[in-house]
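Trainee: Quick one: the structure is below, questions incoming.
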Amino acid sequence: MEGGRKSDKESLFTEVKFTCPRCGSDQIIKDPNTGELVCASCGLILSTGMVDTDKDWRAFDADEYMDRAHTGAPVTPTRSGYGLDSDIAMTSGLSRKSVQTLRRTHRHVSDAREKAVEPALRKIRLAAETLNLPPETVEDAAMLYRKAAGEGLVKGRSMDAMVAAVIYAACRRTDVPRSLEEVASLFNLKEKEVGRSFRFLFRKLGIRIPPPKPENFVYAICAKLGLPERVATQAIRILKIARQQGATMGREPVGVAAAAIYMASQEFGEHKTQRELAQAAGVTEVTVRNRYKELLAKVHKLWLEQLPEDLKKQMASFRESAEGQ
DNA sequence: AAGACGAAAGTGGTTGA
DNA sequence: TCAACAACTTTCGTCTT
């Protein structure tokens, strides 16, 4: 590979020593224009909503403090019993015998439900680890599975396909860019099978899942190609205009993303071939080319017009120094 | 020679009758 | 169930640098 050039190229990962609270990746990129910190792995914007580990309540005197304090194990749908166990105490007012009866009934009902979903939840947790999913996504997947199981949609279907489907759905709902192919192959399933379960699920549950945004794929593709953050930032600008212009409708989001990156990289003199972009995005050269053509027609001019003067000059100088090499 | 571009034919999914 | 359709892929030839 062209190892020599890489050192004088601006590093994609500026020395930010954060790790992503969602996926744990340390590939955090800083957007020079907005100052936002973005995770290159899962696309989460960090700086506008850093995790607040403080209390979620305030107290103005000691009594209030005692009153409002609540602690204990976090509630999570990813574990059976939501990570909580409940029991019925031997309190006064009830005979020993009725407490025992109550306990037995309670255990019977909750155990039966929990036992039914436990293997699936275990699979979800395992898959999440391999796919490097943030907790938010894992919880959503677990929640969806519980909902599906609760409505009897799981019976008689392949558990793996259902688990894969809820994981994919959760990724979509929480803006984590994982492809159907990635999720399906983890379970040795075909895209088609998972896709079918996915559609069945959200049709039956009445859940609306918007198509993935092309922006979600930008940082992952740029990271694969070692493109600097300024290219990623502008690609996202291009994609925002593209959406306003209706240039993303009905198009494969990842293909549009690749084309936008191609466009931005050219303006910055960061030459990558259409083939390289296509490979990084997992589409063909022709798709990149066609999306690029559409972006040229509908977006390119608007994008350049909206750019601040100093950034235009910056682009020109980057292009010149690239040509000089 | 490498990369960009375009045309033509084929593929697999979706939609509506 | 089937045909029509849109988006995408594969393949290949031509043009440009």
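Residue numbers start at 1 in each chain; chains themselves are named A, B, ... in the order of the structure tokens; ligands are numbered from 1 in the order shown.
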Could you give me, as a PyMOL selection string, the residues within 12 Å of Leu311 of chain A, counting only C-alpha atoms (C1' of nucleotides) and dropping anything in the same chain fewer than 2 positions from it?
Mentor: chain A and resi 32-33+230-231+233-234+267-268+303-309+313-318
Trainee: Report as a list in words all protein, DNA and RNA residues lying within 12 Å of DA7 of chain B, evaluated on only C-alpha atoms (C1' of nucleotides), omitting residues in the same chain fewer than 4 positions from it.
Mentor: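 Answer for this query is Val286 of chain A; DT11, DC12, DG13 and DT14 of chain C.
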Trainee: Pick out the chain B residues within 10 Å of chain A. Count only C-alpha atoms (C1' of nucleotides). Give them as a ChimeraX atom specification.
Mentor: /B:3-6,13
Trainee: Using N, CA and C atoms (P, O5', C5', C4', C3', O3' and C1' of nucleotides), can you export the residues from the last selection as a tab-separated table (two decimals), in the first residue's frame?
Mentor:
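See part-v3.tsv below for the written result:
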```
chain	number	residue	atom	x	y	z
B	3	DG	P	-6.19	3.04	-11.11
B	3	DG	O5'	-7.33	4.00	-11.65
B	3	DG	C5'	-7.03	5.38	-11.81
B	3	DG	C4'	-8.13	6.03	-12.58
B	3	DG	C3'	-9.54	5.76	-12.05
B	3	DG	O3'	-10.15	7.00	-11.78
B	3	DG	C1'	-9.44	5.43	-14.39
B	4	DA	P	-11.61	7.12	-11.23
B	4	DA	O5'	-12.38	7.55	-12.55
B	4	DA	C5'	-11.97	8.71	-13.24
B	4	DA	C4'	-12.85	8.93	-14.45
B	4	DA	C3'	-14.35	8.89	-14.15
B	4	DA	O3'	-14.96	9.99	-14.80
B	4	DA	C1'	-13.81	7.36	-15.88
B	5	DC	P	-16.46	10.34	-14.52
B	5	DC	O5'	-17.18	9.63	-15.73
B	5	DC	C5'	-16.88	10.02	-17.06
B	5	DC	C4'	-17.55	9.08	-18.02
B	5	DC	C3'	-19.03	8.80	-17.71
B	5	DC	O3'	-19.80	9.42	-18.72
B	5	DC	C1'	-17.83	6.87	-18.41
B	6	DG	P	-21.36	9.48	-18.59
B	6	DG	O5'	-21.79	8.29	-19.57
B	6	DG	C5'	-21.19	8.19	-20.85
B	6	DG	C4'	-21.66	6.92	-21.53
B	6	DG	C3'	-23.12	6.58	-21.26
B	6	DG	O3'	-23.71	6.24	-22.50
B	6	DG	C1'	-21.73	4.73	-20.74
B	13	DG	P	-34.30	-11.72	-3.68
B	13	DG	O5'	-35.16	-10.41	-3.45
B	13	DG	C5'	-34.49	-9.19	-3.13
B	13	DG	C4'	-35.47	-8.05	-3.27
B	13	DG	C3'	-36.82	-8.28	-2.58
B	13	DG	O3'	-37.14	-7.14	-1.81
B	13	DG	C1'	-37.13	-7.71	-4.87
```
Trainee: Excluding segment 276-278 of chain A and residues on its chain fewer than 2 positions from it, collect all residues at most 8 Å away from it, counting only C-alpha atoms (C1' of nucleotides), and give them as a compact mmCIF listing (two decimals) with all heavy atoms, in the first residue's frame.
Mentor:
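What follows is the written file around_13.txt:
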```
# COMPACT_ATOMS: atom_id res chain seq x y z
N ILE A 221 -17.19 4.49 6.10
CA ILE A 221 -16.54 4.38 4.78
C ILE A 221 -15.26 5.21 4.77
O ILE A 221 -14.21 4.74 4.31
CB ILE A 221 -17.49 4.85 3.65
CG1 ILE A 221 -18.72 3.94 3.58
CG2 ILE A 221 -16.78 4.86 2.31
CD1 ILE A 221 -19.81 4.44 2.63
N LEU A 225 -11.14 4.02 4.26
CA LEU A 225 -10.25 4.52 3.21
C LEU A 225 -9.20 5.49 3.75
O LEU A 225 -8.40 6.02 2.98
CB LEU A 225 -11.08 5.20 2.12
CG LEU A 225 -12.00 4.28 1.32
CD1 LEU A 225 -12.87 5.07 0.37
CD2 LEU A 225 -11.18 3.25 0.54
N GLY A 255 -24.87 3.54 -1.19
CA GLY A 255 -24.37 3.95 -2.49
C GLY A 255 -24.33 5.46 -2.62
O GLY A 255 -23.37 6.04 -3.16
N ALA A 258 -21.43 6.75 -0.59
CA ALA A 258 -20.16 6.57 -1.27
C ALA A 258 -19.95 7.65 -2.33
O ALA A 258 -18.85 8.21 -2.47
CB ALA A 258 -20.10 5.18 -1.91
N ALA A 259 -21.00 7.97 -3.06
CA ALA A 259 -20.91 8.98 -4.11
C ALA A 259 -20.62 10.36 -3.51
O ALA A 259 -19.83 11.13 -4.05
CB ALA A 259 -22.19 9.01 -4.92
N ILE A 261 -19.08 10.98 -0.72
CA ILE A 261 -17.70 10.97 -0.25
C ILE A 261 -16.75 11.16 -1.43
O ILE A 261 -15.77 11.89 -1.36
CB ILE A 261 -17.37 9.67 0.51
CG1 ILE A 261 -18.21 9.58 1.78
CG2 ILE A 261 -15.89 9.60 0.86
CD1 ILE A 261 -18.21 8.22 2.43
N TYR A 262 -17.08 10.49 -2.53
CA TYR A 262 -16.28 10.63 -3.74
C TYR A 262 -16.23 12.10 -4.17
O TYR A 262 -15.17 12.64 -4.48
CB TYR A 262 -16.87 9.76 -4.84
CG TYR A 262 -16.13 9.81 -6.16
CD1 TYR A 262 -14.86 9.27 -6.27
CD2 TYR A 262 -16.71 10.39 -7.28
CE1 TYR A 262 -14.18 9.32 -7.48
CE2 TYR A 262 -16.05 10.44 -8.49
CZ TYR A 262 -14.78 9.90 -8.58
OH TYR A 262 -14.11 9.95 -9.78
N LYS A 272 -9.51 9.34 -4.51
CA LYS A 272 -9.83 7.92 -4.36
C LYS A 272 -10.58 7.54 -5.61
O LYS A 272 -11.37 8.33 -6.13
CB LYS A 272 -10.72 7.68 -3.14
CG LYS A 272 -10.06 7.99 -1.81
CD LYS A 272 -9.11 6.89 -1.40
CE LYS A 272 -8.29 7.31 -0.18
NZ LYS A 272 -6.97 6.69 -0.16
N THR A 273 -10.35 6.34 -6.10
CA THR A 273 -11.05 5.95 -7.32
C THR A 273 -12.48 5.51 -6.99
O THR A 273 -12.78 5.17 -5.85
CB THR A 273 -10.33 4.79 -8.03
OG1 THR A 273 -10.37 3.65 -7.17
CG2 THR A 273 -8.90 5.13 -8.36
N GLN A 274 -13.30 5.50 -8.02
CA GLN A 274 -14.68 5.05 -7.83
C GLN A 274 -14.68 3.61 -7.34
O GLN A 274 -15.53 3.20 -6.55
CB GLN A 274 -15.45 5.17 -9.15
CG GLN A 274 -15.65 6.61 -9.56
CD GLN A 274 -16.42 6.76 -10.87
OE1 GLN A 274 -16.64 5.79 -11.58
NE2 GLN A 274 -16.81 7.98 -11.17
N ALA A 280 -15.26 -0.08 -0.51
CA ALA A 280 -15.44 0.29 0.90
C ALA A 280 -16.91 0.31 1.29
O ALA A 280 -17.26 0.00 2.42
CB ALA A 280 -14.79 1.64 1.17
N ALA A 281 -17.76 0.66 0.34
CA ALA A 281 -19.20 0.77 0.63
C ALA A 281 -19.93 -0.54 0.40
O ALA A 281 -21.07 -0.70 0.82
CB ALA A 281 -19.82 1.87 -0.22
N GLY A 282 -19.29 -1.46 -0.32
CA GLY A 282 -19.96 -2.73 -0.61
C GLY A 282 -20.99 -2.64 -1.72
O GLY A 282 -21.99 -3.35 -1.73
N VAL A 283 -20.76 -1.71 -2.65
CA VAL A 283 -21.62 -1.63 -3.84
C VAL A 283 -20.69 -1.69 -5.07
O VAL A 283 -19.48 -1.79 -4.92
CB VAL A 283 -22.45 -0.32 -3.89
CG1 VAL A 283 -23.44 -0.28 -2.76
CG2 VAL A 283 -21.55 0.91 -3.85
N THR A 284 -21.25 -1.62 -6.26
CA THR A 284 -20.38 -1.67 -7.43
C THR A 284 -19.99 -0.27 -7.87
O THR A 284 -20.63 0.71 -7.51
CB THR A 284 -21.07 -2.38 -8.62
OG1 THR A 284 -22.18 -1.58 -9.03
CG2 THR A 284 -21.52 -3.76 -8.26
N GLU A 285 -18.95 -0.26 -8.66
CA GLU A 285 -18.45 0.97 -9.26
C GLU A 285 -19.56 1.72 -10.01
O GLU A 285 -19.66 2.93 -9.94
CB GLU A 285 -17.40 0.55 -10.29
CG GLU A 285 -16.10 1.26 -10.24
CD GLU A 285 -15.17 0.63 -11.26
OE1 GLU A 285 -14.95 -0.59 -11.16
OE2 GLU A 285 -14.69 1.35 -12.14
N THR A 287 -22.73 1.71 -9.53
CA THR A 287 -23.66 2.38 -8.61
C THR A 287 -23.07 3.69 -8.12
O THR A 287 -23.74 4.72 -8.12
CB THR A 287 -23.98 1.45 -7.43
OG1 THR A 287 -24.55 0.25 -7.93
CG2 THR A 287 -24.96 2.10 -6.48
N VAL A 288 -21.82 3.66 -7.72
CA VAL A 288 -21.15 4.89 -7.26
C VAL A 288 -21.21 5.93 -8.39
O VAL A 288 -21.53 7.10 -8.17
CB VAL A 288 -19.69 4.63 -6.86
CG1 VAL A 288 -18.97 5.93 -6.51
CG2 VAL A 288 -19.62 3.67 -5.69
```
